[in-house]
Every structure is written in C-alpha cells, then in structure tokens.
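Novice: I have a structure here, written as structure tokens, and I will follow up with some questions on it.
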Amino acid sequence: MFLCISLFFILCSAFLPFFIAKKNPLLCDKLFAFFYSIGALLGLGFIAFGITKGLHVAYTLPFSILFSYFSIKIEMINLLFMIPIYLIGSMSAIYSTSYWSTAQKGLGSSFRYRLYLCLFTISMILLVISDNFIMFITFWEIMSLLAYGLITIDEDSEEAQSAGYLYFIATHTGVIALMGMFAIIQVYFGFSDFSSALGKIDANLAIASSIFLLGVFGFGMKAGFFPLYFWLPSAHSSAPVPISALLSGVMIKMGIYGILKILFMFSNIPHWWGWLIFAIGILSGILGVVYAIAQHDIKKLLAYHSIENIGIIAIGIGLAMLGRSYHNSTLVLFGLAGALFHVINHSLFKPLLFYSAGSIIEKYHTRDIGHYGGIIKVQPYTALFFLIGAVSISGLPPFNGFASEWLLYMGMFKTLFSHQNTLMPVVFGILSLALIGGLALACFVKVFGISFLGNPRKIELSNVKESSLFMLFPMAFLSTICFVLGVFPSIMKDILLDIASAFNQKNIYVKIDTLINLSEAYLWFFMIFGVVLAVVLYQTRGKISKNIGTWACGFSHKTPRAQYTSSSLMQMILDLFGWTLHVKRGAFCSKELFSQKYHFYLHQNDKTIYWLAKISEKFLLFCSKLRTIIHNGYMGIYVLYIFVALILMLLYVGN
C-alpha cells in the first residue's frame, strides 16, 4: 500500500502544481518538489520497513496484461535497487526547482520535463519489482524512451539531439538482444518469470551460454560495459544536470540489476562466465578513468567516471561468479557485497559531483575546465561538496567510496593464499583496483585544482554568487550520506549478506565483520585527530595569515597563463596510456604586421569510440554497396530472386 501511495504522489506531482503555473511559476516548481519528495519519503519508508522485517512478497494480478499476468516480487535485491531511484529522483526534483525553473524555461518545456521525470522514476520502480518477463521488458522500454525524451528535452541543442539519437540506437540494439534472451528462456525451458526460473537452468547446456551472452550484451549496453559504452559520454554530458545525475546514478544500475537477475536463474556458473565479467570490469575501470583524465569537458569527464565505477562493480560481480564456480564462499560474499555496496555508493557520490558541476556551469555557461580557476573564492559551499564527492569517488577514507572498495580488497586478501584456484583473479583484481584508484585520485586532483584553486583563467568572478538553496540542499544531503555510510558502513551489512547468500544458493557462514572494524578504527582516528587539531589550533592562534596569494612557481608577476592547464598537469600519465588514446596535435600562427602569435592544440580522445565509428562507417558503406548490387534495377534479376525463393520454399516443405 505504501508503495502504491508513493507512486501516486510522484505522479500527482507532475500534474497538480501546474494548475497554478501561470499565476505563480515559482510556487508551481516548489509544489512539484514537495509532492515528489513526499512520494519519495513514503517509498523510502516502505524500503526501510521491508529491510528491517526481511520482506519477501510475490503477488500476481488476477487479470492478464499484454497476453501475460502482471506479477511482482519484492525481496532484498529489489529493495536495494529501489533506494537510489527514490533518493536521487527526489534530489533531482529539488535541484530542478532552480536549475530548470518554469519561469526560465516556459510552461510547456517545464511541464514536459517534470512529467518525463516522474514517469521515468515510476517506470524504474515498476521495472525493479516486475517478475514477469513481458512486463519487465515493457517497463524497460518505457524507461528507455523516457530517458531519450529527457536527454533531448532541450530542442535547441544540436548536441543533445545527436546524443539522444545515438542513445536511441544503442538502447534499442540492447532491447533486441534482451527480447531474444527472454524468448529463448520461455521456448526452451518454459519459464515466463524470474521466480519460476530461479536456480533451475543448467549453465552447462549450450543454449545457456547464449542466454548469458545475450544478457551481458543487452544489459551491458545499458550499464556501459566496455566496449558498449559508446552512447554514454555524449548522453550524460548533453542532458540537463539533474537528468545526468539520474542517468549516471540510477539508470545504468538497471543494467547491473538485470545481469544479477539473469545469474540468479542458473544452478551453476561456468568458470569462463566469471572470467568474462571480471575482464570486462578491469577494462571498463582502467580505460574509463584514463579517458576521463583526457577530458576537458567537466560533464563528459564525470560520464567517463561512470564507466570506471561500473567497471569496479563488474569486478566485484566477476569475483563473486568465480567464487561460486570454484566453491569459494568468502569470495562470493565479499565480491558481491562489495559490488552491491558500490552500486549504492556510486549512486550517491556521482549525482553529488554532477550537481556540483551544474552549480558551476550555471554561473559561467561553459563546461570547459580550462576556463575555470579560483571558483572556491566565490562558491565555497559548491567547492566543499565537490571535494567530498571527489574524495568519495577516489576511494579515500573516511567516505563511502572507500568502504565498498575495502570490502573487495578484504575479500581478495582473505582468499589470496587460501584458495589456489582463485589466486590469479585475486592478484589481477588487487592490482587493477589499486591502479584505478590511483588514476581516479590523479584525475580529481586535476579537476579540483584547475577549477577551484589558483586564479581565474577565462571567467569573471566579480559578479558571481553562490548557488541557490535548492541547488545546495541536494549536495549537502548527499555529502552527509556519503560521510555516514563511510564511517558506519555496517548499516548495509545484513542486506548485503542476505543477497549474497541468495546468489550463492546456500547459506554463507562467513561474516562481514570488517565493516564493524572499519567503524571502530574511524572512531579512534577521529578522537586522536580532534585532540591533535585542538592543540595545533591553540598553538597557532592569531599567527596564520588568511590572505595568501597563489604560489606562482617563483614568478613575481602573477598571470593566469603561468598556471597549469588541464592538459599539462596530467600529460605524463596520458603519455603512459597513449596507446589507448586517439591524439590530434598541431600548431598554427596568425600573421600580423610586426609579430606572430602561435597557437598550439592537443586533443586526446577515446580511441575505442574512434575505432567503433570507423568500423560502423565501413560496415554501412559495405551495406550500401551490397544494396546497390542487389537492387540493380534489372527486372530479370528480380524475377530470378522470386524463382530462387520458390525453389527454397519447396525444398523446405518437402523436407
């Protein structure tokens, strides 16, 4: 009942406030955020009740829809994935009050935006609780179409329209694969819902591998697995900031949810399945963060970090699959628990970073990091919240990104020498996670240093003020949760253990005490740090100057041109990974009467997307030539086609 009421409030928030939109646009936006937040609070209350009571509900409506019965199922894994949908949906609704206001965008655009946002949230909730295959794929398609509408909501932006078109092609390619997968399950095994197929499909059958590969392709396209992520950077960077937060923080996790639901169907896991997901995770994580370092566009940089974090999640799932195939319960528990915990954590710190980036973009009307500088002086709260998000995504204590990666590390170290069969993936996993974490830290040192510190480069700070309360509140709220989950990660202990046991298809007697130990270590650290800080502040009171100029490497005449650029700061790292980048560099000069001005440029782009584009171009040219050969305009050739088709049909019927 609470779930139905929460969805009703969210739906009402799209319609009821707009009856007063013409008279009071600001009140309309506030009412939308209010009704949406009430619905989200009711939904989160339902989730909290379900987790506390160990809710397990399966229900089928007594009438058929689309030639099938609408059956729902609510258990721990469903509740876990519902948390970011409600939470980030409500934060985006509040953020949109200022970012996409009715007074600024107009009544029509504002109504369409908020209606799509509400229906997008509802479709994801219904997708997560759907148990029937037909209803699942129906809500998957509705979710995908609404995401397309939100990406292309700005009709005047050619960039958004192009990104939406690419997303549309990608998502429907994935849908075709999913339809084929569900059709195979129903035809060969007779299952029409997830519950009836739970743990009943033998993975050693040849057809089972087809199901798995189709699922990895279809769901991996939505999640952003390497190399299926080609739609993601442009779509996330072109969409409005609150929608980018939802796409990155929530929608791509539906791909992870789908893969897990498919894996739950199999009674066993072949070794190579785990190795495949594990390898995809490593490639996605490393290449995602390398491509992020090369970006100048702050939103595209954050989009590539989504690929990186999806890679970390895939590493955890791959470890859990290998643990199950090699009968290593410790690796199953810590691998899947770390992956699912990172699903929640990424859905918190990535929207936080997008909201902070949106606060900057709204003020300076550019996404180019190279134009920023010194923003901390006029937007200190935005700088603080961005820093918290940066520390979280870099996997540094005491924030939540560290806690989930800590689980993965502990699981791998616990099995490093105890299980010989899993020695190789564990070693690769430890090295890969360490490399990804180090590169992510370097990337956000660049972003924070170039954007918030130093002197302004090509922006004017004199008339800039801090963002509105409606934009700051979601950032402050998510920052608080990132800190709470980082210091008290044991909050998630029971639900993670429950889902891991269900995945293992037998009880796991290993405990996740490492989360409790982590909290105790933090408490001791904070006490010692507090005492030391108090002593230092007491000893240095009145002796520290508050007005200190930016150090300019010894130059007495300070100029923004003497500062690091986003390219030069990270060039050494990019040179090491130059084989993954498509580099364009050159110089040109403008001739004047007495002097020449030289301009240098360096563009380092995603080589994966570059080669995918090249391959697609050659394939389309081949198809065009083939079509020209087949449809050549000769009537005799067309009659021959008909004759050959009739002969083949007669042979088929005869057999």
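We label chains A, B, ... in the order they appear in the structure tokens, count residues from 1 in each chain, and number ligands from 1 in the order shown.
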Determine, using only C-alpha atoms, which residues of segment 15-87 of chain A have any atom at most 12 Å from an atom of segment 257-262 of chain A, and tabulate each with its shortest atom pair and distance in Å to one decimal place, rows ordered by chain and then rising number, as CSV.
Specialist:
residue,atom,partner,partner_atom,distance
A:Lys73,CA,A:Lys261,CA,12.0
A:Ile77,CA,A:Tyr257,CA,8.4
A:Asn78,CA,A:Tyr257,CA,8.6
A:Leu79,CA,A:Tyr257,CA,11.4
A:Leu80,CA,A:Tyr257,CA,9.9
A:Phe81,CA,A:Tyr257,CA,7.4
A:Met82,CA,A:Tyr257,CA,10.6
Novice: Can you pull out every residue from segment 297-415 of chain A that DSSP, working from the backbone, puts in alpha helix (DSSP H), and format the result as an NGL selection string?
Specialist: :A and (298-325 or 329-364 or 380-393 or 400-414)
Novice: Which residues, written as a list in words, have at least one atom at most 7 Å from Ser192 of chain A, with only C-alpha atoms counted and residues fewer than 6 positions away on the same chain left out?
Specialist: Asn132, Phe133 and Gln186 of chain A
Novice: How many Å separate atom CA of Tyr355 of chain A from atom CA of Cys482 of chain A?
Specialist: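 Interatomic distance, atom CA of Tyr355 of chain A to atom CA of Cys482 of chain A: 14.5 Å.
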Novice: Between atom CA of Gly323 of chain A and atom CA of Phe428 of chain A, what distance in Å does the model show, to one decimal?
Specialist: 14.5 Å
Novice: Counting only C-alpha atoms, which residue out of A:Ile360, A:Leu26, A:Ala147, A:Ile51 sits closest to Ser101 of chain A?
Specialist: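 Comparing A:Ile360, A:Leu26, A:Ala147, A:Ile51 against Ser101 of chain A, the winner is A:Leu26.
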Novice: For segment 136-144 of chain A, work out the shell of residues within 6 Å, counting only C-alpha atoms and skipping chain neighbours fewer than 4 positions away, then give it as number ranges by chain.
Specialist: A: 120, 123, 127, 130
Novice: For a quick check of understanding, using only C-alpha atoms, which of A:Ile376, A:Leu621, A:Leu472, A:Leu423 has the smallest distance to Ser96 of chain A?
Specialist: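 Going through A:Ile376, A:Leu621, A:Leu472, A:Leu423 one by one, the smallest distance to Ser96 of chain A is for A:Leu472.
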Novice: So that I can see what lies close to Ser162 of chain A, please list as a PyMOL selection string the residues with an atom at most 9 Å from it, counting only C-alpha atoms and leaving out residues fewer than 5 positions away in the same chain.
Specialist: chain A and resi 152+157+167+234-235
Novice: With all heavy atoms kept, could you save the residues just selected as a short mmCIF file (atom, residue, chain, number, x, y, z; two decimals), in the first residue's frame?
Specialist:
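As written to disk, again-v3.cif reads:
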data_model
loop_
_atom_site.label_atom_id
_atom_site.label_comp_id
_atom_site.auth_asym_id
_atom_site.auth_seq_id
_atom_site.Cartn_x
_atom_site.Cartn_y
_atom_site.Cartn_z
N THR A 152 16.93 14.66 -24.76
CA THR A 152 16.68 15.60 -25.87
C THR A 152 15.66 16.68 -25.49
O THR A 152 15.05 17.26 -26.38
CB THR A 152 16.18 14.83 -27.09
OG1 THR A 152 14.97 14.11 -26.75
CG2 THR A 152 17.21 13.83 -27.57
N SER A 157 19.28 22.47 -28.71
CA SER A 157 20.65 21.99 -28.62
C SER A 157 20.88 20.87 -29.63
O SER A 157 20.33 19.77 -29.50
CB SER A 157 20.95 21.49 -27.20
OG SER A 157 22.19 20.85 -27.14
N TYR A 167 21.98 7.43 -28.39
CA TYR A 167 21.43 6.64 -27.28
C TYR A 167 20.26 5.78 -27.75
O TYR A 167 20.14 4.61 -27.36
CB TYR A 167 20.98 7.57 -26.16
CG TYR A 167 20.06 6.91 -25.16
CD1 TYR A 167 20.56 6.06 -24.19
CD2 TYR A 167 18.68 7.12 -25.20
CE1 TYR A 167 19.73 5.43 -23.29
CE2 TYR A 167 17.84 6.50 -24.31
CZ TYR A 167 18.35 5.65 -23.35
OH TYR A 167 17.52 5.02 -22.47
N SER A 234 28.36 11.04 -24.42
CA SER A 234 27.62 12.13 -25.05
C SER A 234 26.25 12.33 -24.42
O SER A 234 25.81 13.47 -24.22
CB SER A 234 27.47 11.86 -26.56
OG SER A 234 26.81 10.63 -26.79
N ALA A 235 25.57 11.24 -24.08
CA ALA A 235 24.23 11.36 -23.49
C ALA A 235 24.29 12.00 -22.11
O ALA A 235 23.49 12.89 -21.79
CB ALA A 235 23.57 9.98 -23.40
#
Novice: Show me, as a ChimeraX atom specification, the residues that have an atom within 12 Å of Phe503 of chain A when counting only C-alpha atoms, minus same-chain residues fewer than 2 positions from it.
Specialist: /A:76-77,198-199,260-269,317,320-321,323-325,329,332-333,335-337,496-501,505-508
Novice: What would the file look like if the residues just selected were written as a compact mmCIF listing (two decimals), in the first residue's frame with N, CA, C and O atoms?
Specialist:
# COMPACT_ATOMS: atom_id res chain seq x y z
N MET A 76 14.99 -8.61 -0.98
CA MET A 76 16.10 -7.74 -0.60
C MET A 76 16.77 -7.06 -1.79
O MET A 76 17.08 -5.87 -1.75
N ILE A 77 17.00 -7.80 -2.87
CA ILE A 77 17.69 -7.21 -4.01
C ILE A 77 16.84 -6.12 -4.67
O ILE A 77 17.36 -5.09 -5.12
N LEU A 198 14.18 -19.49 -11.05
CA LEU A 198 15.22 -19.27 -10.06
C LEU A 198 16.02 -20.54 -9.78
O LEU A 198 15.49 -21.52 -9.25
N GLY A 199 17.30 -20.54 -10.15
CA GLY A 199 18.20 -21.65 -9.88
C GLY A 199 17.87 -22.94 -10.59
O GLY A 199 18.33 -24.01 -10.18
N LEU A 260 22.31 -9.41 -12.70
CA LEU A 260 22.19 -10.21 -11.48
C LEU A 260 20.94 -11.09 -11.52
O LEU A 260 20.98 -12.26 -11.11
N LYS A 261 19.82 -10.55 -12.02
CA LYS A 261 18.59 -11.35 -12.10
C LYS A 261 18.77 -12.55 -13.02
O LYS A 261 18.23 -13.63 -12.76
N ILE A 262 19.52 -12.37 -14.10
CA ILE A 262 19.78 -13.49 -15.00
C ILE A 262 20.67 -14.52 -14.33
O ILE A 262 20.44 -15.73 -14.42
N LEU A 263 21.71 -14.07 -13.63
CA LEU A 263 22.62 -15.01 -12.97
C LEU A 263 21.91 -15.82 -11.90
O LEU A 263 22.28 -16.98 -11.64
N PHE A 264 20.89 -15.24 -11.25
CA PHE A 264 20.15 -15.97 -10.22
C PHE A 264 19.40 -17.16 -10.81
O PHE A 264 19.00 -18.07 -10.08
N MET A 265 19.16 -17.18 -12.13
CA MET A 265 18.40 -18.27 -12.75
C MET A 265 19.21 -19.57 -12.86
O MET A 265 18.63 -20.65 -12.95
N PHE A 266 20.53 -19.45 -12.88
CA PHE A 266 21.36 -20.61 -13.19
C PHE A 266 21.71 -21.38 -11.92
O PHE A 266 22.00 -20.80 -10.88
N SER A 267 21.71 -22.70 -12.05
CA SER A 267 22.03 -23.55 -10.91
C SER A 267 23.53 -23.64 -10.68
O SER A 267 23.98 -24.05 -9.60
N ASN A 268 24.31 -23.29 -11.68
CA ASN A 268 25.78 -23.31 -11.57
C ASN A 268 26.35 -22.22 -12.48
O ASN A 268 25.66 -21.70 -13.36
N ILE A 269 27.61 -21.87 -12.25
CA ILE A 269 28.28 -20.81 -13.02
C ILE A 269 29.56 -21.38 -13.61
O ILE A 269 30.47 -21.76 -12.86
N ILE A 317 31.29 -8.37 -9.22
CA ILE A 317 30.38 -9.43 -9.68
C ILE A 317 31.18 -10.58 -10.27
O ILE A 317 30.87 -11.76 -10.04
N ALA A 320 32.58 -12.63 -7.53
CA ALA A 320 31.54 -13.45 -6.91
C ALA A 320 31.20 -14.66 -7.79
O ALA A 320 30.99 -15.77 -7.28
N MET A 321 31.16 -14.46 -9.10
CA MET A 321 30.89 -15.57 -10.02
C MET A 321 32.02 -16.60 -9.99
O MET A 321 31.77 -17.81 -9.98
N GLY A 323 34.03 -17.04 -7.46
CA GLY A 323 33.94 -17.68 -6.15
C GLY A 323 32.89 -18.78 -6.12
O GLY A 323 33.09 -19.84 -5.53
N ARG A 324 31.76 -18.52 -6.81
CA ARG A 324 30.71 -19.55 -6.84
C ARG A 324 31.13 -20.74 -7.69
O ARG A 324 30.85 -21.89 -7.34
N SER A 325 31.79 -20.49 -8.81
CA SER A 325 32.19 -21.60 -9.68
C SER A 325 33.32 -22.43 -9.06
O SER A 325 33.43 -23.62 -9.32
N SER A 329 33.15 -19.48 -0.81
CA SER A 329 32.08 -18.66 -0.23
C SER A 329 32.56 -17.28 0.18
O SER A 329 31.82 -16.30 0.08
N VAL A 332 32.58 -15.09 -2.86
CA VAL A 332 31.20 -14.79 -3.25
C VAL A 332 30.65 -13.66 -2.38
O VAL A 332 30.08 -12.68 -2.89
N LEU A 333 30.84 -13.80 -1.07
CA LEU A 333 30.28 -12.81 -0.15
C LEU A 333 30.91 -11.44 -0.34
O LEU A 333 30.20 -10.44 -0.56
N GLY A 335 32.86 -10.31 -2.77
CA GLY A 335 32.77 -9.80 -4.13
C GLY A 335 31.42 -9.19 -4.42
O GLY A 335 31.32 -8.04 -4.88
N LEU A 336 30.34 -9.94 -4.13
CA LEU A 336 29.00 -9.42 -4.42
C LEU A 336 28.62 -8.31 -3.46
O LEU A 336 27.99 -7.32 -3.86
N ALA A 337 28.98 -8.45 -2.18
CA ALA A 337 28.67 -7.39 -1.20
C ALA A 337 29.38 -6.09 -1.58
O ALA A 337 28.79 -5.01 -1.53
N LEU A 496 23.31 -6.93 2.52
CA LEU A 496 24.33 -7.45 1.62
C LEU A 496 24.55 -8.94 1.84
O LEU A 496 24.69 -9.71 0.88
N LEU A 497 24.56 -9.36 3.10
CA LEU A 497 24.73 -10.77 3.42
C LEU A 497 23.56 -11.59 2.91
O LEU A 497 23.74 -12.70 2.38
N ASP A 498 22.34 -11.06 3.02
CA ASP A 498 21.14 -11.76 2.55
C ASP A 498 21.19 -11.99 1.04
O ASP A 498 20.91 -13.09 0.55
N ILE A 499 21.55 -10.95 0.28
CA ILE A 499 21.59 -11.07 -1.18
C ILE A 499 22.72 -12.01 -1.61
O ILE A 499 22.55 -12.83 -2.53
N ALA A 500 23.87 -11.92 -0.96
CA ALA A 500 24.99 -12.80 -1.30
C ALA A 500 24.65 -14.27 -1.04
O ALA A 500 25.02 -15.16 -1.82
N SER A 501 23.93 -14.54 0.05
CA SER A 501 23.51 -15.92 0.36
C SER A 501 22.55 -16.44 -0.70
O SER A 501 22.63 -17.60 -1.12
N GLN A 505 23.10 -19.52 -3.39
CA GLN A 505 22.09 -20.59 -3.34
C GLN A 505 22.30 -21.53 -2.15
O GLN A 505 21.85 -22.66 -2.15
N LYS A 506 23.00 -21.04 -1.15
CA LYS A 506 23.12 -21.72 0.14
C LYS A 506 23.66 -20.71 1.14
O LYS A 506 24.25 -19.69 0.76
N ASN A 507 23.42 -20.97 2.39
CA ASN A 507 23.82 -20.02 3.43
C ASN A 507 25.33 -19.83 3.46
O ASN A 507 26.10 -20.77 3.26
N ILE A 508 25.73 -18.58 3.70
CA ILE A 508 27.15 -18.25 3.84
C ILE A 508 27.41 -17.97 5.32
O ILE A 508 26.76 -17.12 5.92
Novice: Expressed in Å to a single decimal, how great is the separation between atom CA of Met135 of chain A and atom CA of Pro227 of chain A?
Specialist: 28.3 Å
Novice: Between A:Asn204, A:Ser284, A:Ser347, A:Thr52, single out the one closest to Leu87 of chain A, counting only C-alpha atoms.
Specialist: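 Comparing A:Asn204, A:Ser284, A:Ser347, A:Thr52 against Leu87 of chain A, the winner is A:Ser347.
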Novice: I'd like a table as CSV: residues in segment 357-441 of chain A with an atom no more than 12 Å from segment 271-278 of chain A, each row giving the shortest atom pair and its distance in Å to one decimal, only C-alpha atoms counted, sorted by chain and rising residue number.
Specialist:
residue,atom,partner,partner_atom,distance
A:Asn421,CA,A:His271,CA,10.5
A:Thr422,CA,A:His271,CA,10.5
A:Met424,CA,A:Trp275,CA,10.5
A:Pro425,CA,A:Phe278,CA,8.0
A:Val426,CA,A:Phe278,CA,10.3
A:Phe428,CA,A:Phe278,CA,9.5
A:Gly429,CA,A:Phe278,CA,8.3
A:Ser432,CA,A:Phe278,CA,10.6
A:Leu433,CA,A:Phe278,CA,11.8
Novice: Would you mind exporting N, CA, C and O atoms of the selected residues as a PDB file, in the first residue's frame?
Specialist:
ATOM      1  N   ASN A 421      42.803 -21.976  -6.642  1.00  0.00           N
ATOM      2  CA  ASN A 421      42.098 -21.795  -7.909  1.00  0.00           C
ATOM      3  C   ASN A 421      41.788 -20.334  -8.208  1.00  0.00           C
ATOM      4  O   ASN A 421      41.668 -19.952  -9.365  1.00  0.00           O
ATOM      5  N   THR A 422      41.609 -19.545  -7.170  1.00  0.00           N
ATOM      6  CA  THR A 422      41.243 -18.137  -7.367  1.00  0.00           C
ATOM      7  C   THR A 422      42.429 -17.201  -7.182  1.00  0.00           C
ATOM      8  O   THR A 422      42.243 -15.992  -7.057  1.00  0.00           O
ATOM      9  N   MET A 424      44.877 -16.308  -9.319  1.00  0.00           N
ATOM     10  CA  MET A 424      45.128 -15.401 -10.438  1.00  0.00           C
ATOM     11  C   MET A 424      44.121 -14.248 -10.502  1.00  0.00           C
ATOM     12  O   MET A 424      44.523 -13.084 -10.607  1.00  0.00           O
ATOM     13  N   PRO A 425      42.798 -14.516 -10.432  1.00  0.00           N
ATOM     14  CA  PRO A 425      41.872 -13.374 -10.457  1.00  0.00           C
ATOM     15  C   PRO A 425      42.033 -12.439  -9.267  1.00  0.00           C
ATOM     16  O   PRO A 425      41.848 -11.227  -9.405  1.00  0.00           O
ATOM     17  N   VAL A 426      42.387 -12.986  -8.122  1.00  0.00           N
ATOM     18  CA  VAL A 426      42.576 -12.152  -6.938  1.00  0.00           C
ATOM     19  C   VAL A 426      43.764 -11.208  -7.129  1.00  0.00           C
ATOM     20  O   VAL A 426      43.684 -10.012  -6.831  1.00  0.00           O
ATOM     21  N   PHE A 428      45.080 -10.207 -10.025  1.00  0.00           N
ATOM     22  CA  PHE A 428      44.693  -9.228 -11.040  1.00  0.00           C
ATOM     23  C   PHE A 428      43.722  -8.195 -10.470  1.00  0.00           C
ATOM     24  O   PHE A 428      43.793  -7.010 -10.796  1.00  0.00           O
ATOM     25  N   GLY A 429      42.811  -8.655  -9.635  1.00  0.00           N
ATOM     26  CA  GLY A 429      41.825  -7.740  -9.052  1.00  0.00           C
ATOM     27  C   GLY A 429      42.464  -6.708  -8.144  1.00  0.00           C
ATOM     28  O   GLY A 429      42.123  -5.521  -8.199  1.00  0.00           O
ATOM     29  N   SER A 432      44.443  -4.207 -10.296  1.00  0.00           N
ATOM     30  CA  SER A 432      43.553  -3.363 -11.101  1.00  0.00           C
ATOM     31  C   SER A 432      42.852  -2.315 -10.244  1.00  0.00           C
ATOM     32  O   SER A 432      42.778  -1.137 -10.626  1.00  0.00           O
ATOM     33  N   LEU A 433      42.345  -2.735  -9.086  1.00  0.00           N
ATOM     34  CA  LEU A 433      41.676  -1.776  -8.201  1.00  0.00           C
ATOM     35  C   LEU A 433      42.631  -0.696  -7.725  1.00  0.00           C
ATOM     36  O   LEU A 433      42.261   0.486  -7.646  1.00  0.00           O
TER      37      LEU A 433
END
Novice: Neighbouring residues of Lys222 of chain A were defined as those with any atom within 9 Å, considering only C-alpha atoms; residues of the same chain fewer than 4 positions away were excluded. Please report them as a VMD selection string.
Specialist: chain A and resid 170 to 171 174 217 to 218 228 to 229 232 251 to 256
Novice: Convert the current residue selection to file output with C-alpha atoms, as a PDB file, in the first residue's frame.
Specialist:
ATOM      1  CA  ALA A 170      22.207   1.824 -28.636  1.00  0.00           C
ATOM      2  CA  THR A 171      19.336   1.161 -26.254  1.00  0.00           C
ATOM      3  CA  GLY A 174      20.215  -3.855 -26.450  1.00  0.00           C
ATOM      4  CA  PHE A 217      25.166  -7.628 -24.300  1.00  0.00           C
ATOM      5  CA  GLY A 218      21.655  -6.257 -23.665  1.00  0.00           C
ATOM      6  CA  LEU A 228      29.300  -0.978 -25.299  1.00  0.00           C
ATOM      7  CA  TYR A 229      29.509   2.416 -23.571  1.00  0.00           C
ATOM      8  CA  LEU A 232      27.154   7.116 -22.536  1.00  0.00           C
ATOM      9  CA  MET A 251      19.533   4.211 -14.818  1.00  0.00           C
ATOM     10  CA  ILE A 252      22.802   2.489 -15.702  1.00  0.00           C
ATOM     11  CA  LYS A 253      22.408   0.439 -12.480  1.00  0.00           C
ATOM     12  CA  MET A 254      19.327  -1.150 -14.046  1.00  0.00           C
ATOM     13  CA  GLY A 255      21.780  -2.939 -16.338  1.00  0.00           C
ATOM     14  CA  ILE A 256      23.604  -4.307 -13.285  1.00  0.00           C
TER      15      ILE A 256
END
Novice: Between A:Gly654, A:Gly438, A:Pro398, A:Gly190, which one has atoms that come closest to Tyr522 of chain A, using only C-alpha atoms?
Specialist: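 Closest to Tyr522 of chain A, using only C-alpha atoms: A:Pro398.
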